[in-house]
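> Sending over upload-v7.txt (compact mmCIF, C-alpha atoms and all ligand atoms).
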```txt
# COMPACT_ATOMS: atom_id res chain seq x y z
CA MET I 1 0.00 0.00 0.00
CA ALA I 2 1.39 3.40 -0.93
CA GLY I 3 2.60 5.54 1.96
CA THR I 4 3.22 2.72 4.44
CA ARG I 5 6.92 2.18 3.67
CA ALA I 6 9.69 4.14 5.33
CA PRO I 7 11.36 6.49 2.83
CA GLU I 8 14.85 5.28 1.84
CA ASP I 9 16.59 8.05 3.77
CA ALA I 10 14.82 6.90 6.95
CA TYR I 11 16.43 3.45 6.73
CA THR I 12 18.72 2.81 9.68
CA ALA I 13 19.91 -0.07 11.80
CA ALA I 14 20.58 2.28 14.74
CA PRO I 15 17.56 1.28 16.89
CA PHE I 16 18.56 -2.39 16.60
CA VAL I 17 22.14 -1.93 17.83
CA PRO I 18 22.29 -2.60 21.59
CA GLU I 19 24.40 -0.10 23.52
CA GLY I 20 27.47 -1.45 25.29
CA ALA I 21 27.14 -4.90 23.72
CA GLY I 22 30.07 -7.16 22.85
CA LEU I 23 30.46 -8.81 19.46
CA ASP I 24 28.43 -11.91 20.34
CA ALA I 25 25.49 -9.86 21.60
CA LEU I 26 25.73 -7.64 18.52
CA ARG I 27 25.66 -10.68 16.24
CA GLU I 28 22.55 -11.93 18.02
CA ALA I 29 20.84 -8.55 17.77
CA ALA I 30 21.79 -8.15 14.11
CA ALA I 31 19.91 -11.37 13.35
CA GLY I 32 16.71 -9.41 14.02
CA CYS I 33 17.68 -6.22 12.16
CA ARG I 34 14.84 -4.65 10.17
CA GLY I 35 16.63 -1.37 9.52
CA CYS I 36 16.12 -1.53 5.76
CA PRO I 37 14.05 -3.73 3.44
CA LEU I 38 16.90 -6.11 2.51
CA HIS I 39 16.05 -8.43 5.40
CA ARG I 40 12.79 -9.36 3.67
CA ASP I 41 14.29 -11.45 0.88
CA ALA I 42 17.58 -12.55 2.40
CA THR I 43 17.75 -15.84 4.31
CA ARG I 44 19.57 -14.33 7.26
CA THR I 45 21.82 -11.56 8.51
CA VAL I 46 25.45 -12.37 7.83
CA PHE I 47 27.45 -10.70 10.59
CA GLY I 48 31.23 -10.38 10.78
CA ALA I 49 33.40 -13.32 11.82
CA GLY I 50 37.00 -14.05 12.71
CA ASN I 51 39.39 -12.89 15.39
CA PRO I 52 37.54 -10.39 17.63
CA HIS I 53 40.95 -8.77 18.30
CA GLY I 54 42.35 -9.13 14.78
CA ARG I 55 44.87 -6.47 13.76
CA PHE I 56 43.22 -6.41 10.34
CA LEU I 57 39.54 -5.70 9.77
CA LEU I 58 38.49 -6.61 6.24
CA VAL I 59 35.30 -5.08 4.88
CA GLY I 60 33.52 -6.46 1.80
CA GLU I 61 30.32 -5.32 0.11
CA GLN I 62 27.55 -7.70 1.16
CA PRO I 63 27.13 -11.46 1.56
CA GLY I 64 26.74 -13.43 -1.66
CA ASP I 65 24.52 -16.42 -2.36
CA GLN I 66 26.68 -18.92 -0.46
CA GLU I 67 27.28 -16.59 2.47
CA ASP I 68 23.51 -16.01 2.73
CA ARG I 69 22.93 -19.76 2.87
CA ARG I 70 25.76 -20.50 5.31
CA GLY I 71 25.58 -17.40 7.48
CA GLU I 72 29.30 -16.50 7.28
CA PRO I 73 31.11 -13.85 5.27
CA PHE I 74 33.44 -14.72 2.39
CA VAL I 75 32.89 -18.49 2.29
CA GLY I 76 32.14 -18.62 -1.47
CA PRO I 77 34.41 -18.23 -4.53
CA ALA I 78 35.37 -14.60 -3.71
CA GLY I 79 36.33 -15.72 -0.20
CA LYS I 80 38.57 -18.52 -1.51
CA LEU I 81 40.36 -16.05 -3.76
CA LEU I 82 40.70 -13.60 -0.88
CA ASP I 83 42.23 -16.31 1.34
CA ARG I 84 44.85 -17.04 -1.33
CA ALA I 85 45.65 -13.33 -1.78
CA LEU I 86 45.97 -12.82 2.00
CA ASP I 87 48.33 -15.76 2.20
CA GLU I 88 50.50 -14.36 -0.62
CA ALA I 89 50.54 -10.97 1.10
CA GLY I 90 51.68 -12.53 4.38
CA ILE I 91 48.49 -11.73 6.31
CA GLU I 92 47.54 -14.54 8.70
CA PRO I 93 43.84 -15.49 8.52
CA GLY I 94 43.93 -15.75 12.34
CA ASP I 95 44.84 -12.07 12.52
CA THR I 96 41.73 -10.92 10.64
CA TYR I 97 38.13 -10.07 11.42
CA VAL I 98 36.05 -10.15 8.23
CA THR I 99 32.76 -8.38 7.69
CA ASN I 100 30.65 -6.57 5.09
CA ALA I 101 29.36 -3.02 4.69
CA VAL I 102 25.86 -4.46 4.21
CA LYS I 103 24.79 -7.47 6.24
CA HIS I 104 22.02 -8.87 4.02
CA PHE I 105 22.24 -10.40 0.53
CA LYS I 106 20.57 -8.24 -2.11
CA PHE I 107 19.63 -10.11 -5.26
CA GLU I 108 17.13 -10.52 -8.04
CA VAL I 109 15.75 -13.60 -9.72
CA VAL I 110 15.64 -13.23 -13.49
CA PRO I 111 13.18 -15.89 -14.79
CA GLU I 112 15.04 -16.22 -18.12
CA ARG I 113 18.15 -17.13 -16.17
CA GLY I 114 16.52 -19.88 -14.12
CA LYS I 115 16.14 -19.88 -10.36
CA ARG I 116 19.59 -18.48 -9.64
CA ARG I 117 19.73 -15.48 -7.34
CA ILE I 118 21.69 -12.78 -9.12
CA HIS I 119 23.66 -10.32 -6.97
CA LYS I 120 22.47 -6.71 -7.02
CA SER I 121 24.64 -3.92 -5.65
CA PRO I 122 23.31 -2.30 -2.48
CA SER I 123 22.35 1.38 -2.73
CA LEU I 124 24.27 4.06 -0.83
CA ARG I 125 21.23 4.41 1.44
CA GLU I 126 21.18 0.71 2.26
CA ALA I 127 24.89 0.86 3.07
CA ALA I 128 24.34 3.97 5.21
CA ALA I 129 21.48 2.20 7.03
CA CYS I 130 23.80 -0.70 7.88
CA ARG I 131 26.69 1.53 8.96
CA PRO I 132 25.85 1.42 12.73
CA TRP I 133 26.72 -2.30 12.71
CA LEU I 134 30.03 -1.62 11.00
CA GLU I 135 30.81 1.24 13.39
CA ALA I 136 30.13 -1.04 16.37
CA GLU I 137 32.37 -3.77 14.91
CA LEU I 138 35.13 -1.21 14.29
CA ARG I 139 34.90 0.06 17.84
CA LEU I 140 35.03 -3.42 19.39
CA VAL I 141 37.65 -5.04 17.17
CA ASP I 142 39.77 -1.88 17.26
CA PRO I 143 42.00 -3.01 14.38
CA GLU I 144 45.31 -1.45 13.37
CA VAL I 145 44.47 -1.64 9.68
CA ILE I 146 41.15 -1.69 7.83
CA VAL I 147 41.09 -3.16 4.34
CA ALA I 148 38.17 -1.89 2.24
CA LEU I 149 37.43 -4.41 -0.49
CA GLY I 150 35.80 -2.55 -3.37
CA ALA I 151 33.71 0.57 -3.85
CA THR I 152 30.80 -0.15 -1.48
CA ALA I 153 33.14 -0.74 1.47
CA GLY I 154 35.24 2.28 0.52
CA LYS I 155 32.22 4.56 0.29
CA ALA I 156 30.76 3.23 3.55
CA LEU I 157 33.98 4.13 5.35
CA LEU I 158 35.28 7.17 3.47
CA GLY I 159 32.19 8.78 1.96
CA SER I 160 30.41 8.71 -1.37
CA SER I 161 33.19 10.48 -3.29
CA PHE I 162 35.52 7.51 -2.73
CA ARG I 163 36.90 5.99 -5.97
CA VAL I 164 38.76 2.67 -5.86
CA THR I 165 40.77 3.45 -8.98
CA GLU I 166 42.12 6.69 -7.49
CA GLN I 167 42.48 5.82 -3.82
CA ARG I 168 43.50 2.18 -3.69
CA GLY I 169 46.81 0.97 -2.37
CA THR I 170 47.80 3.88 -0.12
CA PRO I 171 47.22 4.17 3.63
CA LEU I 172 44.31 6.55 4.29
CA VAL I 173 42.69 8.02 7.41
CA VAL I 174 39.09 7.11 8.31
CA PRO I 175 36.96 10.22 8.97
CA GLY I 176 35.97 10.32 12.64
CA HIS I 177 38.96 8.12 13.56
CA GLU I 178 41.77 10.61 12.90
CA GLU I 179 43.33 10.40 16.39
CA ARG I 180 45.37 7.19 16.60
CA GLY I 181 42.66 5.48 14.63
CA PRO I 182 43.32 2.59 12.28
CA CYS I 183 44.64 3.36 8.84
CA LEU I 184 42.64 2.19 5.87
CA VAL I 185 43.93 0.60 2.69
CA ALA I 186 41.41 0.20 -0.12
CA THR I 187 41.67 -2.30 -2.93
CA VAL I 188 39.55 -4.04 -5.54
CA HIS I 189 36.85 -6.47 -4.50
CA PRO I 190 37.90 -10.13 -4.97
CA SER I 191 34.81 -10.63 -7.20
CA ALA I 192 36.27 -8.04 -9.58
CA VAL I 193 39.28 -10.35 -9.97
CA LEU I 194 36.99 -13.29 -10.75
CA ARG I 195 35.17 -11.24 -13.41
CA ALA I 196 38.27 -9.65 -14.96
CA LYS I 197 39.55 -10.59 -18.41
CA ASP I 198 43.13 -9.90 -17.31
CA ARG I 199 42.65 -11.86 -14.12
CA ASP I 200 46.36 -12.29 -13.30
CA ALA I 201 47.03 -8.55 -13.44
CA VAL I 202 43.99 -7.64 -11.34
CA TYR I 203 44.85 -10.37 -8.83
CA GLY I 204 48.44 -9.07 -8.68
CA GLY I 205 47.07 -5.60 -7.85
CA LEU I 206 44.96 -7.04 -5.04
CA VAL I 207 47.99 -8.84 -3.53
CA SER I 208 50.13 -5.73 -3.86
CA ASP I 209 47.51 -3.60 -2.02
CA LEU I 210 47.25 -6.26 0.71
CA ARG I 211 51.04 -6.11 1.11
CA THR I 212 50.70 -2.36 1.62
CA ALA I 213 48.09 -3.10 4.31
CA ALA I 214 50.48 -5.59 5.96
CA ARG I 215 53.27 -2.98 6.03
CA ALA I 216 50.90 -0.43 7.60
CA LEU I 217 50.79 -2.28 10.94
CA ARG I 218 51.90 0.00 13.76
N1 LIG C 301 31.35 -10.67 -1.39
C1 LIG C 301 31.37 -9.84 -0.33
O1 LIG C 301 31.54 -8.62 -0.47
N2 LIG C 301 31.21 -10.36 0.86
C2 LIG C 301 31.03 -11.64 1.07
O2 LIG C 301 30.88 -12.01 2.23
C3 LIG C 301 31.03 -12.51 -0.03
C4 LIG C 301 31.19 -12.00 -1.26
```
Would you give me this structure, written as structure tokens?
Ligand code: URA

Amino acid sequence: MAGTRAPEDAYTAAPFVPEGAGLDALREAAAGCRGCPLHRDATRTVFGAGNPHGRFLLVGEQPGDQEDRRGEPFVGPAGKLLDRALDEAGIEPGDTYVTNAVKHFKFEVVPERGKRRIHKSPSLREAAACRPWLEAELRLVDPEVIVALGATAGKALLGSSFRVTEQRGTPLVVPGHEERGPCLVATVHPSAVLRAKDRDAVYGGLVSDLRTAARALR
């Protein structure tokens, strides 16, 4: 019915984020998040996972099909590629906490393409709505280095003018975290490597940016 939906700029997870909660309580609360409409079609909230005190906090875009089914970030093909790139860059998986800018899978089903759920990019508003979860994770994990994987993560952390092509691969400051905050290194999303024609070159760029992140440890 017209007029009963919240306007997009009113989307926010803020009322669902419990104050003073630890990561486990946040994960539990996030399971019930209704801060934007993406929860309606997704199977579940996919919250961050990994070392709660990891020196690296990796931020992707949103869970994909397999993550939505399994409830963990980066467990599908992009995650396998990311694991390999982290290993080549000398970043221990045990030293990472991995999450997404948006915690629900956004997709469409195109009847001509069968029953497959096709990834759709989240809007800036949906990412902004989800930001209170990311802020809470950042505060609790308190990493030394944030790695933003792709444009959605970069924009969620640095603002809508962020451009991967221009800002990748150099240590940056996160607005609001200038004082002894973590540094941020942006790079391409692992899915962009999987889609690229010149896969080896794009993969090499990802590994090189991750090496920059590894060198940025305090
Ligand atoms: N792509 C992402 O950005 N995050 C995931 O968790 C999986 C794929």
> Let me see if you get this right: every residue at most 6 Å from ligand LIG 301 (chain C), counting only C-alpha atoms and all ligand atoms, written as a ChimeraX atom specification.
/I:60-64,67,73-74,78,100
> Could you check how far CA of Ile146 in chain I sits from CA of Leu58 in chain I, in Å to one decimal?
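CA of Leu58 in chain I lies 5.8 Å from CA of Ile146 in chain I.
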> May I have the residues at most 12 Å from (17.0, -10.0, 13.2) in the file's coordinates, counting all atoms listed in the file, as an MDAnalysis selection string?
chainID I and resid 13 15:17 25:40 42:47 103:104
> For Gly71 in chain I, which of I:Arg55, I:Pro7, I:Val164, I:Ala49 is the closest residue, counting all atoms listed in the file?
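Among the listed residues, I:Ala49 lies closest to Gly71 in chain I.
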> Within 10 Å of (42.8, -10.9, 13.9), all atoms listed in the file: residues as a list in words?
Ala49, Gly50, Asn51, Pro52, His53, Gly54, Arg55, Phe56, Leu57, Leu58, Ile91, Glu92, Pro93, Gly94, Asp95, Thr96, Tyr97, Val98, Val141, Pro143 and Glu144 of chain I
> Mind dumping a table of every range 1-104 of chain I residue within 7 Å of range 196-208 of chain I, with the nearest atom pair and its distance in Å to one decimal, using all atoms listed in the file, sorted by chain and rising number, as JSON lines?

```
{"residue": "I:Ala85", "atom": "CA", "partner": "I:Val207", "partner_atom": "CA", "distance": 5.4}
{"residue": "I:Glu88", "atom": "CA", "partner": "I:Val207", "partner_atom": "CA", "distance": 6.7}
{"residue": "I:Ala89", "atom": "CA", "partner": "I:Val207", "partner_atom": "CA", "distance": 5.7}
```
> Write a file of the selected residues as a short mmCIF file (atom, residue, chain, number, x, y, z; two decimals), keeping the file's coordinate frame, keeping C-alpha atoms.

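Here's the written file out.cif:
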```
data_model
loop_
_atom_site.label_atom_id
_atom_site.label_comp_id
_atom_site.auth_asym_id
_atom_site.auth_seq_id
_atom_site.Cartn_x
_atom_site.Cartn_y
_atom_site.Cartn_z
CA ALA I 85 45.65 -13.33 -1.78
CA GLU I 88 50.50 -14.36 -0.62
CA ALA I 89 50.54 -10.97 1.10
#
```
> Give me the range 103-148 of chain I side of the contact with range 173-178 of chain I, cut-off 12 Å, one line per residue showing its nearest atom pair and distance in Å at one decimal, counting all atoms listed in the file, sorted by chain and residue number, as JSON lines.

```
{"residue": "I:Glu135", "atom": "CA", "partner": "I:Gly176", "partner_atom": "CA", "distance": 10.5}
{"residue": "I:Leu138", "atom": "CA", "partner": "I:His177", "partner_atom": "CA", "distance": 10.1}
{"residue": "I:Arg139", "atom": "CA", "partner": "I:His177", "partner_atom": "CA", "distance": 10.0}
{"residue": "I:Asp142", "atom": "CA", "partner": "I:His177", "partner_atom": "CA", "distance": 10.7}
{"residue": "I:Pro143", "atom": "CA", "partner": "I:His177", "partner_atom": "CA", "distance": 11.6}
{"residue": "I:Glu144", "atom": "CA", "partner": "I:His177", "partner_atom": "CA", "distance": 11.5}
{"residue": "I:Val145", "atom": "CA", "partner": "I:Val173", "partner_atom": "CA", "distance": 10.1}
{"residue": "I:Ile146", "atom": "CA", "partner": "I:Val174", "partner_atom": "CA", "distance": 9.1}
{"residue": "I:Val147", "atom": "CA", "partner": "I:Val174", "partner_atom": "CA", "distance": 11.2}
{"residue": "I:Ala148", "atom": "CA", "partner": "I:Val174", "partner_atom": "CA", "distance": 10.9}
```
> Figure out the distance between CA of Glu72 in chain I and CA of Leu194 in chain I, please, to one decimal in Å.
19.9 Å
> Return the single residue from I:His119, I:Arg180, I:Arg168, I:Arg215 that is closest to Phe107 in chain I, with distances computed using only C-alpha atoms.
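Smallest separation from Phe107 in chain I among the options: I:His119.
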> Can you work out the spacing between CA of Ala213 in chain I and CA of Ala129 in chain I in Å, to one decimal?
27.3 Å
> Considering all atoms listed in the file, can you say which of I:Ala136, I:Ala151, I:Leu210, I:Glu179 comes closest to Gly22 in chain I?
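Among the listed residues, the smallest separation from Gly22 in chain I belongs to I:Ala136.
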> So that I can check the surroundings of Leu157 in chain I, please list as a ChimeraX atom specification every protein, DNA and RNA residue that reaches within 9 Å of it, counting only C-alpha atoms and ignoring chain neighbours fewer than 4 positions away.
/I:101,131,134,148,152-153,162,174-175,184
> May I ask which of the residues I:Thr170, I:Thr12, I:Ser191, I:Ser161 is the closest one to Val102 in chain I, counting all atoms listed in the file?
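Closest candidate: I:Thr12.
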> Of the residues I:Thr99, I:Pro18, I:Val59, I:Phe105, which is the one nearest to Gly154 in chain I, using all atoms listed in the file?
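Of the candidates, the smallest distance to Gly154 in chain I is held by I:Val59.
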